[in-house]
Amino acid sequence: MLALRGIPVSNGAAIAKAYCLVEPDLTFSKKQNQNNDEEIIRFNEAISHAKSEIERIQAAATQKYGEDKGAIFGAHLLVLQDPELITMVVGKIKDGMNAEYALDETAQFFIHMFEDLNNDYMKERAADIRDVSKRVLAHLLGIVLPDYSRLKEDVIIVAKDLTPSMTTQLDPTHVKGFITDIGGKTSHTAILARTIGIPAIVGVRSATLDIKHGDVLIIDGSSGEIIIHPDDDRIAKYKQIKQQQKLFKQQLEKYRELKSVSKDGHFVELAGNIGGPQDVAAVLAVGGEGIGLFRTEFLYMDRMDLPSEEEQFTAYKEVLEALNGKPVVVRTLDIGGDKNLPYLKLPTEMNPFLGYRAIRLCLDHQELFRTQLRALLRASVFGNLKIMFPMIATLDEFRKAKELLFEEKEKLRVEGIPVEEEIEIGLMIEIPSAAIIADLFAKEADFLSIGTNDLIQYTLAADRMNENVSDLYQPYHPAILRLVKMIIDAGHNEGKWVGMCGEMAGDWVAIPILLALGLDEFSMSASSILPVRSQLATLSKEQLVPHVQNLLQLTTAQQVEQAVIDILK
């Protein structure tokens, strides 16, 4: 029995055999083809088979997880239909190459071309070409690629890494969890694991070396523990844990229709984070009391041009109408950093996360920003809209953003287009400078929303995606807790409500602290809403408040975590 440990990113326990993802052997020989026409037919048939496979995967992903997840495979289909790529392969075949060599040489040309652009978004396109060409090559060679969507027994996937598109293909019917060598708690793969609802552990470093295909594994997505070849006692223990988790899920059902109230009657709002209209149903299905973060950048991604005002208006209106009067907090465009749009042709930066992104970009590209503001204002009459601006560092930025919003509102009035008069306007507090002067922002904003994912990494100067420093990404660090208290106090002193829309809002250790500090709105992934509502029902804000001052005097994140555990006993 051997134990490993990694970063727990999706709760739950699983017991199953290891399914190690091994790269298939796709080696081939370069040779002259004997008949150009037959070789082109063979190539076209491989393209057709690959297209059918990808369409099947896309349909399954869309049905299970929504259109935005299915759209990941739309990019793969575009590669298969790319006339430039197809023409180049066919040309090489006509020059006498066999199809395998012609395909590989062409794919490598485009992969190197995109990678050399030194643009994160275009590098992802290189990854698309690599994935798709591998699938076509496998068909040419008659090799079946691993397809865990067709598994017939329960397994735990073990891989060096899983891309978001690979994670989307995981079917929880038989895939009971996954382990990867690399990755962080807030990676897209981790977020998708929580969406799918399977336990996951990342950043194990040596998983693919220590675990063999078929090994019996236990994984605990709450603690990050992995046990290889567990003994009977350990298996019995985890079977009991799984049974308890099953019962817990059943018990959560009663919270769907209940309000989010603490044991001593203190109400907070539990809202959901979404990327588009397709995500609303999951929030409403668990009784979400609003949308605390609508990430509008997803409307701009995976396309070749900017969405029109009409397209955006339709999306915002759909969400507002679906919420039927419940609050919807829309974050204006947060592009830049790792979310580049090739059609904007932005310059390459040495440090994009600290560079030209979000509100900084929008204030410089006013035509783009004003289009979004007009779409939002037009949609405002269809529900309870609140608008917040991301990445605000200075009061000047906030004032300028509001000024543009008011200008567009006035234009719409002149045009005779109805606009809701009382729209709350706020900002995300995710930069330490904004947190420190939150009292000044609170005088000019209607609400504050704490974006902890960025606030933590900027405060501790630690990239949460960098496995060498990700251990410094500490939500319970005393500096973070003090900043959160400052922000909440600053909002309340001005009579404004304060929310949180980062991962910390759904963290069971942080929740008692946030409740005691007086946070008004907790926004999280839909899958976290019922567990958090059930936890709140066990907590007394009145009893927790006296502990807060003690927690704020502790010196390490580990001390804070242990202190909260002791309080909850």
# chains A, B, ... in the order shown; residues from 1 in each chain; ligands from 1

call {"tool": "residues_around", "arguments": {"residues": "A:Leu21", "least_positions_apart": "4", "cutoff": "12 Å", "atoms": "only C-alpha atoms", "output": "list in words"}}
result
Leu145, Pro146, Asp147, Tyr148, Val155, Ile156, Ile157, Val158, Ala159, Lys160, Asp161, Leu162, Met166, Phe178, Ile179, Thr180, Asp181, Ala207, Thr208, Leu209, Ile211, Lys212, His213 and Gly214 of chain A

call {"tool": "residues_around", "arguments": {"residues": "A:Ile429", "least_positions_apart": "5", "cutoff": "7 Å", "atoms": "only C-alpha atoms", "output": "ChimeraX atom specification"}}
result
/A:434-435,448-451

call {"tool": "write_last_selection", "arguments": {"atoms": "N, CA and C atoms", "output": "PDB file, in the first residue's frame"}}
result
ATOM      1  N   ALA A 434      -7.152  48.765  -4.630  1.00  0.00           N
ATOM      2  CA  ALA A 434      -8.604  49.001  -4.506  1.00  0.00           C
ATOM      3  C   ALA A 434      -9.100  48.557  -3.133  1.00  0.00           C
ATOM      4  N   ALA A 435      -8.530  47.458  -2.613  1.00  0.00           N
ATOM      5  CA  ALA A 435      -8.937  46.992  -1.287  1.00  0.00           C
ATOM      6  C   ALA A 435      -8.561  48.007  -0.214  1.00  0.00           C
ATOM      7  N   LEU A 448     -19.877  46.568  -3.629  1.00  0.00           N
ATOM      8  CA  LEU A 448     -18.510  46.085  -3.867  1.00  0.00           C
ATOM      9  C   LEU A 448     -18.570  44.561  -3.976  1.00  0.00           C
ATOM     10  N   SER A 449     -17.803  43.994  -4.892  1.00  0.00           N
ATOM     11  CA  SER A 449     -17.739  42.536  -5.001  1.00  0.00           C
ATOM     12  C   SER A 449     -16.277  42.115  -4.962  1.00  0.00           C
ATOM     13  N   ILE A 450     -15.931  41.244  -4.029  1.00  0.00           N
ATOM     14  CA  ILE A 450     -14.534  40.852  -3.828  1.00  0.00           C
ATOM     15  C   ILE A 450     -14.193  39.692  -4.767  1.00  0.00           C
ATOM     16  N   GLY A 451     -13.257  39.921  -5.670  1.00  0.00           N
ATOM     17  CA  GLY A 451     -12.783  38.874  -6.577  1.00  0.00           C
ATOM     18  C   GLY A 451     -11.543  38.228  -5.986  1.00  0.00           C
TER      19      GLY A 451
END

call {"tool": "residues_around", "arguments": {"residues": "stretch 385-396 of chain A", "least_positions_apart": "2", "cutoff": "7 Å", "atoms": "only C-alpha atoms", "output": "PDB file with N, CA and C atoms, in the first residue's frame"}}
result
ATOM      1  N   PRO A 327     -31.597  39.258  -8.631  1.00  0.00           N
ATOM      2  CA  PRO A 327     -30.477  40.091  -9.090  1.00  0.00           C
ATOM      3  C   PRO A 327     -29.512  39.361 -10.030  1.00  0.00           C
ATOM      4  N   VAL A 328     -29.021  40.093 -11.016  1.00  0.00           N
ATOM      5  CA  VAL A 328     -28.018  39.580 -11.965  1.00  0.00           C
ATOM      6  C   VAL A 328     -26.871  40.597 -12.011  1.00  0.00           C
ATOM      7  N   VAL A 329     -25.722  40.225 -11.488  1.00  0.00           N
ATOM      8  CA  VAL A 329     -24.561  41.099 -11.495  1.00  0.00           C
ATOM      9  C   VAL A 329     -23.725  40.764 -12.738  1.00  0.00           C
ATOM     10  N   VAL A 330     -23.646  41.714 -13.663  1.00  0.00           N
ATOM     11  CA  VAL A 330     -22.899  41.496 -14.907  1.00  0.00           C
ATOM     12  C   VAL A 330     -21.549  42.191 -14.812  1.00  0.00           C
ATOM     13  N   ARG A 331     -20.496  41.429 -15.036  1.00  0.00           N
ATOM     14  CA  ARG A 331     -19.154  42.012 -15.082  1.00  0.00           C
ATOM     15  C   ARG A 331     -18.862  42.417 -16.524  1.00  0.00           C
ATOM     16  N   THR A 332     -18.507  43.674 -16.723  1.00  0.00           N
ATOM     17  CA  THR A 332     -18.188  44.094 -18.087  1.00  0.00           C
ATOM     18  C   THR A 332     -16.915  43.400 -18.558  1.00  0.00           C
ATOM     19  N   ASP A 334     -13.851  41.463 -19.391  1.00  0.00           N
ATOM     20  CA  ASP A 334     -12.576  41.249 -18.702  1.00  0.00           C
ATOM     21  C   ASP A 334     -11.698  40.425 -19.630  1.00  0.00           C
ATOM     22  N   ALA A 358      -8.933  44.033 -19.129  1.00  0.00           N
ATOM     23  CA  ALA A 358     -10.175  44.416 -18.436  1.00  0.00           C
ATOM     24  C   ALA A 358     -10.515  45.901 -18.637  1.00  0.00           C
ATOM     25  N   ILE A 359     -10.744  46.638 -17.545  1.00  0.00           N
ATOM     26  CA  ILE A 359     -11.223  48.017 -17.670  1.00  0.00           C
ATOM     27  C   ILE A 359     -10.171  48.900 -18.344  1.00  0.00           C
ATOM     28  N   SER A 380     -31.684  46.178 -19.523  1.00  0.00           N
ATOM     29  CA  SER A 380     -31.952  46.428 -18.102  1.00  0.00           C
ATOM     30  C   SER A 380     -33.437  46.420 -17.751  1.00  0.00           C
ATOM     31  N   GLY A 383     -35.248  42.929 -16.243  1.00  0.00           N
ATOM     32  CA  GLY A 383     -34.954  42.236 -14.985  1.00  0.00           C
ATOM     33  C   GLY A 383     -34.227  43.140 -14.014  1.00  0.00           C
ATOM     34  N   PHE A 398     -12.775  54.144 -12.210  1.00  0.00           N
ATOM     35  CA  PHE A 398     -14.175  53.888 -11.879  1.00  0.00           C
ATOM     36  C   PHE A 398     -15.059  55.045 -12.336  1.00  0.00           C
ATOM     37  N   ARG A 399     -14.581  56.271 -12.086  1.00  0.00           N
ATOM     38  CA  ARG A 399     -15.368  57.440 -12.481  1.00  0.00           C
ATOM     39  C   ARG A 399     -15.517  57.510 -14.004  1.00  0.00           C
ATOM     40  N   LYS A 400     -14.454  57.215 -14.732  1.00  0.00           N
ATOM     41  CA  LYS A 400     -14.511  57.266 -16.197  1.00  0.00           C
ATOM     42  C   LYS A 400     -15.475  56.209 -16.740  1.00  0.00           C
ATOM     43  N   ILE A 423     -30.282  51.390 -11.831  1.00  0.00           N
ATOM     44  CA  ILE A 423     -29.337  50.274 -12.013  1.00  0.00           C
ATOM     45  C   ILE A 423     -28.181  50.468 -11.036  1.00  0.00           C
ATOM     46  N   GLU A 424     -27.941  49.478 -10.196  1.00  0.00           N
ATOM     47  CA  GLU A 424     -26.819  49.588  -9.255  1.00  0.00           C
ATOM     48  C   GLU A 424     -25.498  49.403 -10.017  1.00  0.00           C
ATOM     49  N   ILE A 425     -24.520  50.230  -9.667  1.00  0.00           N
ATOM     50  CA  ILE A 425     -23.213  50.180 -10.328  1.00  0.00           C
ATOM     51  C   ILE A 425     -22.137  49.927  -9.272  1.00  0.00           C
ATOM     52  N   GLY A 426     -21.347  48.889  -9.487  1.00  0.00           N
ATOM     53  CA  GLY A 426     -20.307  48.542  -8.518  1.00  0.00           C
ATOM     54  C   GLY A 426     -19.002  48.194  -9.197  1.00  0.00           C
ATOM     55  N   LEU A 427     -18.082  47.655  -8.431  1.00  0.00           N
ATOM     56  CA  LEU A 427     -16.785  47.272  -8.990  1.00  0.00           C
ATOM     57  C   LEU A 427     -16.282  46.017  -8.301  1.00  0.00           C
ATOM     58  N   MET A 428     -15.419  45.294  -9.005  1.00  0.00           N
ATOM     59  CA  MET A 428     -14.751  44.157  -8.387  1.00  0.00           C
ATOM     60  C   MET A 428     -13.528  44.664  -7.640  1.00  0.00           C
ATOM     61  N   GLU A 430     -10.295  43.450  -6.636  1.00  0.00           N
ATOM     62  CA  GLU A 430      -9.387  42.319  -6.872  1.00  0.00           C
ATOM     63  C   GLU A 430      -7.934  42.760  -6.954  1.00  0.00           C
ATOM     64  N   ILE A 431      -7.701  44.051  -6.745  1.00  0.00           N
ATOM     65  CA  ILE A 431      -6.348  44.594  -6.731  1.00  0.00           C
ATOM     66  C   ILE A 431      -6.106  45.168  -5.334  1.00  0.00           C
ATOM     67  N   SER A 433      -4.613  47.703  -4.205  1.00  0.00           N
ATOM     68  CA  SER A 433      -4.814  49.153  -4.084  1.00  0.00           C
ATOM     69  C   SER A 433      -6.298  49.479  -3.902  1.00  0.00           C
ATOM     70  N   ALA A 434      -7.152  48.765  -4.630  1.00  0.00           N
ATOM     71  CA  ALA A 434      -8.604  49.001  -4.506  1.00  0.00           C
ATOM     72  C   ALA A 434      -9.100  48.557  -3.133  1.00  0.00           C
ATOM     73  N   PHE A 441     -13.970  54.035  -2.539  1.00  0.00           N
ATOM     74  CA  PHE A 441     -14.844  53.477  -3.579  1.00  0.00           C
ATOM     75  C   PHE A 441     -16.280  53.341  -3.066  1.00  0.00           C
TER      76      PHE A 441
END

call {"tool": "atom_distance", "arguments": {"atom1": "atom CA of A:Trp497", "atom2": "atom CA of A:Phe447"}}
result
5.2 Å

call {"tool": "select_by_dssp", "arguments": {"residues": "stretch 128-210 of chain A", "states": "strand (DSSP E)", "output": "PyMOL selection string"}}
result
chain A and resi 155-159+175-180+200-202

call {"tool": "residues_around", "arguments": {"residues": "A:Met88", "least_positions_apart": "3", "cutoff": "10 Å", "atoms": "only C-alpha atoms", "output": "count of residues only"}}
result
12

call {"tool": "residues_around", "arguments": {"residues": "A:Ser48", "least_positions_apart": "5", "cutoff": "12 Å", "atoms": "only C-alpha atoms", "output": "list of chain:residue names"}}
result
A:Ile41, A:Arg42, A:Phe43, A:Glu53, A:Ile54, A:Glu55, A:Leu77, A:Leu80, A:Gln81, A:Val132, A:Arg135, A:Val136, A:His139, A:Leu140

call {"tool": "select_by_dssp", "arguments": {"residues": "stretch 197-356 of chain A", "states": "alpha helix (DSSP H)", "output": "number ranges by chain"}}
result
A: 207-210, 232-252, 280-285, 309-323

call {"tool": "closest_residue", "arguments": {"among": "A:Glu494, A:Glu410, A:Glu521, A:Glu39", "to": "A:Gly506", "atoms": "only C-alpha atoms"}}
result
A:Glu521
